[in-house]
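Source file: run_37.txt; contents: compact mmCIF, C-alpha atoms.
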```txt
# COMPACT_ATOMS: atom_id res chain seq x y z
CA MET A 57 -21.89 113.57 158.21
CA ASN A 58 -21.07 109.98 159.25
CA GLN A 59 -17.62 109.67 157.71
CA LYS A 60 -15.05 112.07 159.08
CA ASN A 61 -13.04 113.10 156.03
CA LEU A 62 -9.90 114.82 157.25
CA ILE A 63 -8.23 116.85 154.52
CA ILE A 64 -4.43 117.01 154.75
CA ALA A 65 -3.48 120.17 152.82
CA PHE A 66 0.17 120.69 151.85
CA GLY A 67 2.65 121.69 149.15
CA GLY A 68 2.03 125.14 147.72
CA VAL A 69 3.84 127.84 145.79
CA SER A 70 6.69 128.23 148.26
CA PRO A 71 10.45 127.67 148.51
CA GLU A 72 9.53 125.45 151.46
CA HIS A 73 7.37 123.20 149.29
CA GLU A 74 9.39 120.04 149.99
CA VAL A 75 9.42 120.73 153.74
CA SER A 76 5.63 120.91 153.64
CA VAL A 77 5.46 117.53 151.87
CA LEU A 78 7.58 115.98 154.63
CA THR A 79 5.34 117.36 157.38
CA ALA A 80 2.23 116.10 155.56
CA MET A 81 3.71 112.60 155.20
CA GLN A 82 4.37 112.59 158.93
CA VAL A 83 0.71 113.44 159.51
CA PHE A 84 -0.45 110.59 157.25
CA SER A 85 1.81 108.19 159.11
CA ALA A 86 0.70 109.37 162.55
CA LEU A 87 -3.03 109.11 161.76
CA GLU A 88 -3.04 105.98 159.59
CA ASN A 89 -4.78 103.96 162.32
CA SER A 90 -7.17 106.73 163.37
CA SER A 91 -10.93 106.85 162.77
CA TYR A 92 -10.47 109.57 160.13
CA ASN A 93 -10.62 109.03 156.39
CA LEU A 94 -7.42 110.82 155.35
CA VAL A 95 -7.78 112.77 152.11
CA PRO A 96 -4.76 114.51 150.55
CA LEU A 97 -5.03 117.99 149.05
CA TYR A 98 -1.76 118.76 147.30
CA ILE A 99 -1.06 122.20 145.87
CA THR A 100 1.63 121.99 143.21
CA LYS A 101 4.52 124.40 142.80
CA SER A 102 2.51 126.09 140.05
CA GLY A 103 -0.56 126.45 142.29
CA HIS A 104 -2.78 123.65 140.96
CA TRP A 105 -4.95 121.77 143.47
CA LEU A 106 -4.70 117.99 143.12
CA GLY A 107 -6.25 114.95 144.77
CA GLY A 108 -5.58 111.21 144.56
CA ASP A 109 -4.34 108.29 146.64
CA ALA A 110 -0.84 108.52 145.14
CA LEU A 111 -0.30 111.74 147.07
CA SER A 112 -0.02 109.97 150.43
CA ASN A 113 3.15 108.04 149.47
CA LEU A 114 6.45 109.90 149.90
CA GLU A 115 8.18 107.70 147.31
CA ASN A 116 6.00 109.19 144.57
CA TYR A 117 7.46 112.67 145.12
CA LYS A 118 10.79 111.68 143.60
CA ASP A 119 9.26 112.48 140.19
CA LEU A 120 6.70 115.29 140.47
CA ASN A 121 5.68 115.18 136.80
CA THR A 122 4.77 111.51 137.03
CA LEU A 123 3.00 112.07 140.34
CA GLU A 124 0.88 114.90 138.97
CA SER A 125 -0.15 112.74 136.01
CA MET A 126 -1.52 110.16 138.49
CA CYS A 127 -3.76 112.74 140.16
CA TYR A 128 -6.86 114.79 139.34
CA PRO A 129 -7.75 118.46 139.87
CA VAL A 130 -9.90 119.31 142.89
CA SER A 131 -11.48 122.31 144.53
CA PHE A 132 -13.78 123.15 147.42
CA THR A 133 -17.46 123.22 146.48
CA LYS A 134 -20.73 123.77 148.35
CA SER A 135 -23.53 121.23 148.19
CA GLU A 136 -27.20 122.22 148.02
CA MET A 137 -27.28 121.63 151.78
CA GLY A 138 -24.46 124.14 152.27
CA ILE A 139 -21.87 121.48 153.18
CA THR A 140 -18.35 122.00 151.85
CA HIS A 141 -16.91 119.18 149.75
CA LEU A 142 -13.51 118.53 148.20
CA THR A 143 -14.59 117.77 144.66
CA GLU A 144 -12.89 116.43 141.56
CA GLN A 145 -13.02 118.90 138.67
CA GLY A 146 -13.46 118.12 134.97
CA ASN A 147 -16.02 117.22 132.32
CA PHE A 148 -17.99 114.15 133.30
CA GLY A 149 -20.48 112.10 131.31
CA LEU A 150 -23.56 110.22 132.37
CA PHE A 151 -21.65 107.18 133.58
CA LYS A 152 -19.05 108.88 135.75
CA LYS A 153 -19.63 111.20 138.62
CA PRO A 154 -16.87 113.36 140.11
CA ILE A 155 -15.26 112.19 143.32
CA SER A 156 -16.61 114.43 146.06
CA VAL A 157 -16.12 114.07 149.82
CA PRO A 158 -17.69 116.23 152.53
CA VAL A 159 -15.02 118.01 154.57
CA TYR A 160 -14.91 117.39 158.31
CA ALA A 161 -11.79 119.48 158.96
CA VAL A 162 -8.51 120.48 157.33
CA VAL A 163 -5.02 119.91 158.68
CA CYS A 164 -2.84 122.71 157.30
CA ALA A 165 0.66 121.36 156.73
CA PHE A 166 1.97 124.22 154.60
CA HIS A 167 5.20 126.06 155.23
CA GLY A 168 5.89 129.54 153.91
CA SER A 169 4.29 131.83 151.35
CA GLU A 170 0.68 131.27 150.30
CA GLY A 171 0.05 128.30 152.58
CA GLU A 172 1.23 129.76 155.87
CA ASN A 173 0.61 133.47 155.29
CA GLY A 174 -3.16 133.44 155.80
CA ALA A 175 -4.19 133.05 152.15
CA PHE A 176 -5.29 129.40 152.43
CA GLN A 177 -6.75 130.08 155.86
CA GLY A 178 -8.90 132.79 154.26
CA ILE A 179 -10.25 130.24 151.78
CA CYS A 180 -11.17 127.95 154.66
CA GLU A 181 -12.94 130.87 156.36
CA GLN A 182 -14.90 131.59 153.18
CA TYR A 183 -16.04 127.98 152.98
CA ASN A 184 -16.64 127.84 156.76
CA ILE A 185 -14.31 124.87 157.24
CA PRO A 186 -12.55 124.02 160.52
CA TYR A 187 -8.78 124.18 159.97
CA THR A 188 -5.77 123.68 162.17
CA GLY A 189 -3.34 126.39 163.15
CA SER A 190 -3.62 130.14 163.42
CA GLY A 191 -6.24 132.29 161.74
CA VAL A 192 -5.78 134.79 158.93
CA LEU A 193 -4.44 137.65 161.07
CA ALA A 194 -1.80 135.74 163.04
CA SER A 195 -0.76 133.79 159.95
CA SER A 196 -0.26 136.88 157.79
CA VAL A 197 1.50 138.99 160.44
CA GLY A 198 3.61 136.05 161.58
CA MET A 199 4.84 135.46 158.03
CA ASP A 200 5.92 139.09 157.64
CA LYS A 201 9.11 139.51 159.72
CA VAL A 202 8.94 143.31 159.53
CA LYS A 203 5.33 143.56 160.71
CA ALA A 204 5.99 140.88 163.33
CA LYS A 205 8.83 142.94 164.81
CA GLN A 206 6.66 146.06 164.81
CA LEU A 207 3.89 144.22 166.65
CA CYS A 208 6.38 142.96 169.23
CA GLU A 209 7.87 146.43 169.74
CA ALA A 210 4.39 147.82 170.36
CA ASN A 211 3.85 145.17 173.06
CA GLN A 212 7.17 145.50 174.90
CA ILE A 213 8.61 142.27 173.49
CA PRO A 214 12.36 142.89 172.94
CA VAL A 215 13.64 142.80 169.34
CA THR A 216 17.00 143.60 167.74
CA SER A 217 17.68 146.92 166.00
CA SER A 218 17.00 146.76 162.28
CA LEU A 219 16.00 148.47 159.07
CA ASP A 220 13.82 147.28 156.20
CA PHE A 221 13.44 148.30 152.57
CA TYR A 222 11.85 147.25 149.30
CA GLU A 223 13.58 146.40 146.02
CA SER A 224 12.49 149.75 144.55
CA ASP A 225 14.12 151.52 147.52
CA TRP A 226 17.34 149.61 146.91
CA GLU A 227 17.36 150.54 143.23
CA GLN A 228 16.86 154.25 143.92
CA HIS A 229 18.59 154.81 147.27
CA GLN A 230 21.24 152.10 147.62
CA GLU A 231 23.90 154.35 149.15
CA THR A 232 21.47 155.77 151.70
CA ILE A 233 20.45 152.26 152.76
CA LEU A 234 24.08 151.15 153.01
CA ASN A 235 24.87 154.16 155.20
CA GLU A 236 21.90 153.41 157.46
CA ALA A 237 23.01 149.79 157.71
CA ALA A 238 26.54 150.87 158.64
CA LEU A 239 25.08 152.89 161.52
CA LEU A 240 23.65 149.65 162.92
CA GLU A 241 27.24 148.32 162.86
CA PHE A 242 28.47 145.04 161.43
CA PRO A 243 28.00 142.12 161.67
CA LEU A 244 24.45 142.20 160.28
CA VAL A 245 21.92 139.61 159.19
CA VAL A 246 20.01 139.94 155.90
CA LYS A 247 16.60 138.25 155.69
CA PRO A 248 13.74 138.07 153.19
CA SER A 249 10.73 139.47 155.03
CA SER A 250 8.26 136.71 154.18
CA LEU A 251 10.13 133.41 154.04
CA GLY A 252 11.01 130.77 156.58
CA SER A 253 13.44 127.85 156.99
CA SER A 254 16.38 130.30 156.82
CA ILE A 255 16.03 130.56 153.04
CA GLY A 256 17.86 133.63 151.76
CA VAL A 257 19.23 134.47 155.23
CA LYS A 258 22.88 135.55 155.37
CA LYS A 259 25.18 136.96 158.04
CA VAL A 260 27.51 139.63 156.67
CA ASP A 261 30.59 141.39 158.04
CA THR A 262 31.35 143.97 155.36
CA LYS A 263 29.64 146.39 152.98
CA GLU A 264 30.56 144.18 150.02
CA GLU A 265 29.06 141.10 151.66
CA LEU A 266 25.94 143.09 152.50
CA ILE A 267 25.42 144.12 148.87
CA GLU A 268 25.85 140.52 147.69
CA ALA A 269 23.48 139.16 150.35
CA VAL A 270 20.82 141.75 149.50
CA GLU A 271 20.97 140.91 145.81
CA ILE A 272 20.57 137.21 146.59
CA ALA A 273 17.71 137.79 149.05
CA PHE A 274 15.80 139.84 146.45
CA ARG A 275 15.52 136.65 144.40
CA TYR A 276 13.09 135.40 147.02
CA ASP A 277 11.30 138.50 148.28
CA ALA A 278 10.76 142.15 147.33
CA HIS A 279 10.94 143.26 150.98
CA LEU A 280 14.08 142.70 153.07
CA LEU A 281 15.04 143.05 156.70
CA VAL A 282 18.55 143.86 157.92
CA GLU A 283 19.15 143.22 161.62
CA VAL A 284 21.99 143.63 164.08
CA ALA A 285 23.64 140.25 164.65
CA ILE A 286 23.78 139.16 168.29
CA ASN A 287 27.30 138.20 169.31
CA PRO A 288 27.95 135.74 170.84
CA LEU A 289 24.67 134.22 169.66
CA MET A 290 22.70 131.39 171.17
CA GLU A 291 19.39 130.45 169.54
CA ILE A 292 16.66 129.09 171.80
CA ASN A 293 13.27 127.92 170.52
CA CYS A 294 10.07 127.11 172.36
CA SER A 295 6.74 125.81 171.09
CA VAL A 296 3.32 126.92 172.32
CA LEU A 297 0.12 124.89 171.96
CA GLY A 298 -3.47 126.08 172.41
CA THR A 299 -5.32 129.33 171.76
CA SER A 300 -4.76 132.93 172.78
CA GLU A 301 -7.09 132.27 175.72
CA THR A 302 -5.59 129.01 176.94
CA CYS A 303 -2.15 127.78 175.93
CA ARG A 304 0.97 126.12 177.31
CA ALA A 305 4.66 126.16 176.46
CA SER A 306 6.85 123.19 175.61
CA VAL A 307 10.37 122.56 176.79
CA CYS A 308 13.03 124.74 175.16
CA GLU A 309 15.53 123.61 172.56
CA ARG A 310 18.94 124.87 171.49
CA PRO A 311 19.44 124.13 167.78
CA LEU A 312 22.93 123.20 166.66
CA GLY A 313 24.23 124.46 163.32
CA SER A 314 27.34 124.31 161.24
CA MET A 315 27.43 128.13 161.38
CA GLU A 316 26.38 130.68 164.00
CA THR A 317 23.21 131.37 161.98
CA LEU A 318 21.25 128.20 161.17
CA SER A 319 20.87 127.39 157.48
CA PHE A 320 18.21 125.45 155.59
CA GLU A 321 20.66 122.53 155.44
CA ASP A 322 21.14 122.63 159.21
CA LYS A 323 17.40 122.41 159.75
CA TYR A 324 16.48 119.72 157.22
CA GLN A 325 19.53 117.90 155.85
CA ARG A 326 21.50 116.89 158.90
CA GLY A 327 21.15 114.48 161.79
CA GLY A 328 19.25 111.56 160.32
CA GLY A 329 17.80 112.23 156.92
CA ALA A 330 15.54 114.69 155.17
CA GLU A 331 12.55 112.34 155.36
CA LYS A 332 12.30 113.23 159.06
CA GLY A 333 11.71 116.92 158.34
CA MET A 334 12.59 119.27 161.20
CA ALA A 335 13.04 116.23 163.43
CA SER A 336 16.30 115.48 161.59
CA ALA A 337 18.02 118.67 162.76
CA ASP A 338 20.64 118.53 165.49
CA ARG A 339 19.49 120.09 168.74
CA VAL A 340 19.80 119.96 172.51
CA ILE A 341 16.45 119.19 174.22
CA PRO A 342 15.83 120.41 176.84
CA ALA A 343 18.10 123.35 176.13
CA ASP A 344 21.21 123.43 178.31
CA ILE A 345 20.43 126.79 179.86
CA SER A 346 19.66 127.93 183.40
CA PRO A 347 16.22 127.35 184.92
CA GLU A 348 15.78 131.12 185.19
CA LEU A 349 16.48 131.67 181.48
CA THR A 350 14.24 128.73 180.61
CA ASP A 351 11.34 130.21 182.57
CA GLN A 352 11.92 133.63 181.00
CA ILE A 353 11.84 132.27 177.46
CA ARG A 354 8.81 130.04 178.05
CA SER A 355 6.94 132.99 179.56
CA MET A 356 7.96 135.25 176.65
CA ALA A 357 6.86 132.55 174.18
CA VAL A 358 3.37 132.40 175.70
CA HIS A 359 3.11 136.19 175.82
CA THR A 360 4.16 136.47 172.17
CA PHE A 361 1.76 133.69 171.10
CA LYS A 362 -1.12 135.56 172.75
CA THR A 363 0.01 138.90 171.31
CA PHE A 364 -0.23 137.49 167.79
CA ASP A 365 -3.61 135.88 168.61
CA ALA A 366 -2.11 132.60 167.41
CA SER A 367 -3.71 129.20 167.81
CA GLY A 368 -2.91 125.55 167.28
CA VAL A 369 0.82 124.96 167.57
CA ALA A 370 3.52 127.53 166.87
CA ARG A 371 7.26 127.68 167.40
CA LEU A 372 8.74 130.86 168.84
CA ASP A 373 12.39 131.46 168.01
CA PHE A 374 14.53 133.68 170.22
CA LEU A 375 18.02 135.14 169.95
CA VAL A 376 20.03 135.14 173.18
CA ASN A 377 23.28 136.94 173.90
CA ALA A 378 25.27 134.06 175.37
CA ASP A 379 27.27 136.41 177.63
CA THR A 380 24.55 138.68 179.00
CA GLU A 381 21.56 136.32 178.53
CA GLU A 382 19.56 139.16 176.99
CA VAL A 383 16.66 137.65 175.01
CA TYR A 384 15.22 138.99 171.74
CA PHE A 385 12.24 137.80 169.70
CA ASN A 386 13.37 136.45 166.33
CA GLU A 387 10.25 135.03 164.67
CA ILE A 388 7.04 133.07 165.13
CA ASN A 389 6.37 130.02 162.97
CA THR A 390 2.61 129.60 162.88
CA ILE A 391 2.98 126.21 161.12
CA PRO A 392 6.36 124.94 162.31
CA GLY A 393 8.19 122.15 160.51
CA SER A 394 7.00 118.75 161.73
CA PHE A 395 4.60 120.73 163.97
CA SER A 396 7.52 120.88 166.47
CA PHE A 397 6.43 117.47 167.75
CA TYR A 398 10.00 116.77 168.91
CA LEU A 399 9.48 119.44 171.59
CA TRP A 400 6.15 118.01 172.71
CA GLU A 401 7.20 114.37 172.84
CA LYS A 402 9.44 115.39 175.76
CA SER A 403 6.17 116.15 177.57
CA ASP A 404 4.76 112.71 176.70
CA LEU A 405 2.65 114.01 173.81
CA SER A 406 3.05 111.83 170.71
CA PHE A 407 2.85 113.14 167.14
CA ALA A 408 -0.59 111.54 166.79
CA GLY A 409 -1.67 113.07 170.09
CA LEU A 410 -0.40 116.47 168.99
CA VAL A 411 -2.26 116.35 165.66
CA ASN A 412 -5.45 115.21 167.37
CA GLU A 413 -5.19 118.11 169.79
CA LEU A 414 -4.72 120.49 166.85
CA ILE A 415 -7.89 119.10 165.28
CA ASP A 416 -9.80 119.47 168.56
CA ILE A 417 -8.69 123.11 168.84
CA ALA A 418 -9.77 123.75 165.24
CA LEU A 419 -13.20 122.21 165.82
CA LYS A 420 -13.78 124.17 169.05
CA LYS A 421 -12.74 127.46 167.41
CA HIS A 422 -15.04 126.73 164.47
CA GLN A 423 -17.93 125.89 166.76
CA ALA A 424 -17.39 129.05 168.79
CA LYS A 425 -17.29 131.20 165.65
CA ASN A 426 -20.49 129.68 164.28
CA GLY A 427 -22.18 130.25 167.62
CA ARG A 428 -21.97 134.01 167.02
CA ILE A 429 -24.33 136.05 164.87
CA ARG A 430 -22.66 136.10 161.44
CA SER A 431 -25.27 138.00 159.44
CA TYR A 432 -27.60 140.91 160.08
CA GLU A 433 -31.10 140.83 158.71
CA THR A 434 -31.98 144.20 157.16
CA ASN A 435 -34.04 145.63 154.32
CA LEU A 436 -31.35 148.26 153.65
CA LEU A 437 -30.85 147.26 150.01
CA SER A 438 -34.55 147.22 149.23
CA GLU A 439 -34.89 150.70 150.74
CA LYS A 440 -31.94 152.02 148.79
CA ALA A 441 -33.15 150.38 145.60
CA ALA A 442 -36.21 152.59 145.70
CA THR A 443 -34.02 155.71 145.47
CA GLY A 444 -31.69 154.31 142.82
CA ILE A 445 -27.92 154.76 142.47
CA LYS A 446 -28.15 158.55 142.86
CA GLY A 447 -29.82 158.11 146.19
CA LEU A 448 -27.02 155.85 147.40
CA LYS A 449 -24.41 158.55 146.83
CA GLY A 450 -25.95 161.06 149.17
CA SER A 451 -27.16 158.89 152.05
CA LYS A 452 -24.56 156.81 153.80
```
For the structure just supplied, provide its representation as structure tokens.
Amino acid sequence: MNQKNLIIAFGGVSPEHEVSVLTAMQVFSALENSSYNLVPLYITKSGHWLGGDALSNLENYKDLNTLESMCYPVSFTKSEMGITHLTEQGNFGLFKKPISVPVYAVVCAFHGSEGENGAFQGICEQYNIPYTGSGVLASSVGMDKVKAKQLCEANQIPVTSSLDFYESDWEQHQETILNEAALLEFPLVVKPSSLGSSIGVKKVDTKEELIEAVEIAFRYDAHLLVEVAINPLMEINCSVLGTSETCRASVCERPLGSMETLSFEDKYQRGGGAEKGMASADRVIPADISPELTDQIRSMAVHTFKTFDASGVARLDFLVNADTEEVYFNEINTIPGSFSFYLWEKSDLSFAGLVNELIDIALKKHQAKNGRIRSYETNLLSEKAATGIKGLKGSK
């Protein structure tokens, strides 16, 4: 494969769709002078896979209907040689062949839902494609706030007290859930289990506010998490880059919000314009905390990254009691907005350098995986075929 076709995959069926587009545009800009042939793979809000040059221009996203009409459907395909291509789909005549490019690697620039939760990563695994970021396990567990907290608890990583429930539980046992929540003591924080960017997150101080916040959060997710709110709260984030075997932590940041709990608007619509993605948010970098607390959080970030078996770049978010400096794991973002480059540029790593390192990690992981035995030669099926289906039932 002479030409290195780098697929930039983004969009998706997610409330964070627009955030993903912004991150992808940053990747296109950072790599425009690289040796790669940059190929967009845009997944629409309805789940259609599209290709086309128009997808690499942010201006075109002002009118999604017009943009989609300028593009063509695509999918992954396998050539006769077993090489994965990104291929145009449709009915073609004798004089037109579908556009088809062999895939060198995929940069995953999704945020939330199907793109970040391991589903797309599983597709890449099926097609044996190198892809950036965490694998299926870390992606899926990291996206589920309830399972993430359970994993942390099992590995002595501090988390806040909480309860979780499904929409069916709420419909049948609302009073019981409200009583259990009251035992945690207000104020509380209501969160959809499987969303990011603070979508659907609400701090509540009363039973009435709790009921309202739960009803709103169920619009986004069927599984909710209710946590004790830390007071006074200080949020500290740290990024980790590498693999579960070898990784390093960035400087810490203290995000600044208009409220104690950061909102979507705080993260993406303040401090310089939405086109900058997460880089537009207001923050203090390095975080204005003690060296001891900084070291503790950076160490906890690395430990958590390894516990999840994450890879590539992730952002670990922590809740800190500003009075006692007690630290609690909040969440892991396995594909953080803007790849958290604003934390790494403080360590003299540019956005382009960060993306190139993500690609290198993806290629090395892929090479290591393919160096293992991935099939087992056996005549088991031919032996069983001789006995027929009845024979299969009694001899496992």
Original post:
What separation in Å, quoted to one decimal, exists between atom CA of A:Thr390 and atom CA of A:Ala370?
Top reply: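 Rounded to one decimal, the two atoms are 4.6 Å apart.
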**OP:** For atom CA of A:Val257 and atom CA of A:Gln352, determine how far apart the two atoms are, in Å to one decimal place.
**Re:** 26.8 Å
Original post:
Suppose you want the space between atom CA of A:Phe132 and atom CA of A:Gly68; what is it in Å?
Top reply: 15.9 Å
Original post:
Which one of A:Glu413, A:Glu381, A:Glu401, A:Glu387 sits closest to A:Lys203 if you count all atoms listed in the file?
Top reply: A:Glu387
Subject >> Close residues, A:Gln206 itself excluded, 12 Å, only C-alpha atoms, min 6 positions apart in chain, as a ChimeraX atom specification >> reply: /A:197-198,200,212-220,363-364,385-387
**OP:** Tell me which protein, DNA and RNA residues are within 10 Å of A:Lys259, counting all atoms listed in the file, leaving out same-chain ones fewer than 5 positions away, and put them as a ChimeraX atom specification.
**Re:** /A:242-247,265-266,269,282-285,315-317
Original post:
Of the candidates A:Ile99, A:Leu142, A:Ala424, A:Val75, which one gets nearest to A:Glu124 if we count all atoms listed in the file?
Top reply: A:Ile99
Subject >> Proximity to A:Tyr183 - best of A:Ala210, A:Ala204, A:Ala161, A:Ala237, all atoms listed in the file >> reply: A:Ala161
Original post:
For A:Ser355, which of A:Ala194, A:Glu136, A:Ser295, A:Ile233 is the closest residue, counting all atoms listed in the file?
Top reply: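 Among the listed residues, the smallest separation from A:Ser355 belongs to A:Ser295.
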Original post:
Excluding same-chain residues fewer than 3 positions from A:Ser91, what lies within 10 Å of it counting all atoms listed in the file, as a ChimeraX atom specification?
Top reply: /A:59-62,87-88,94
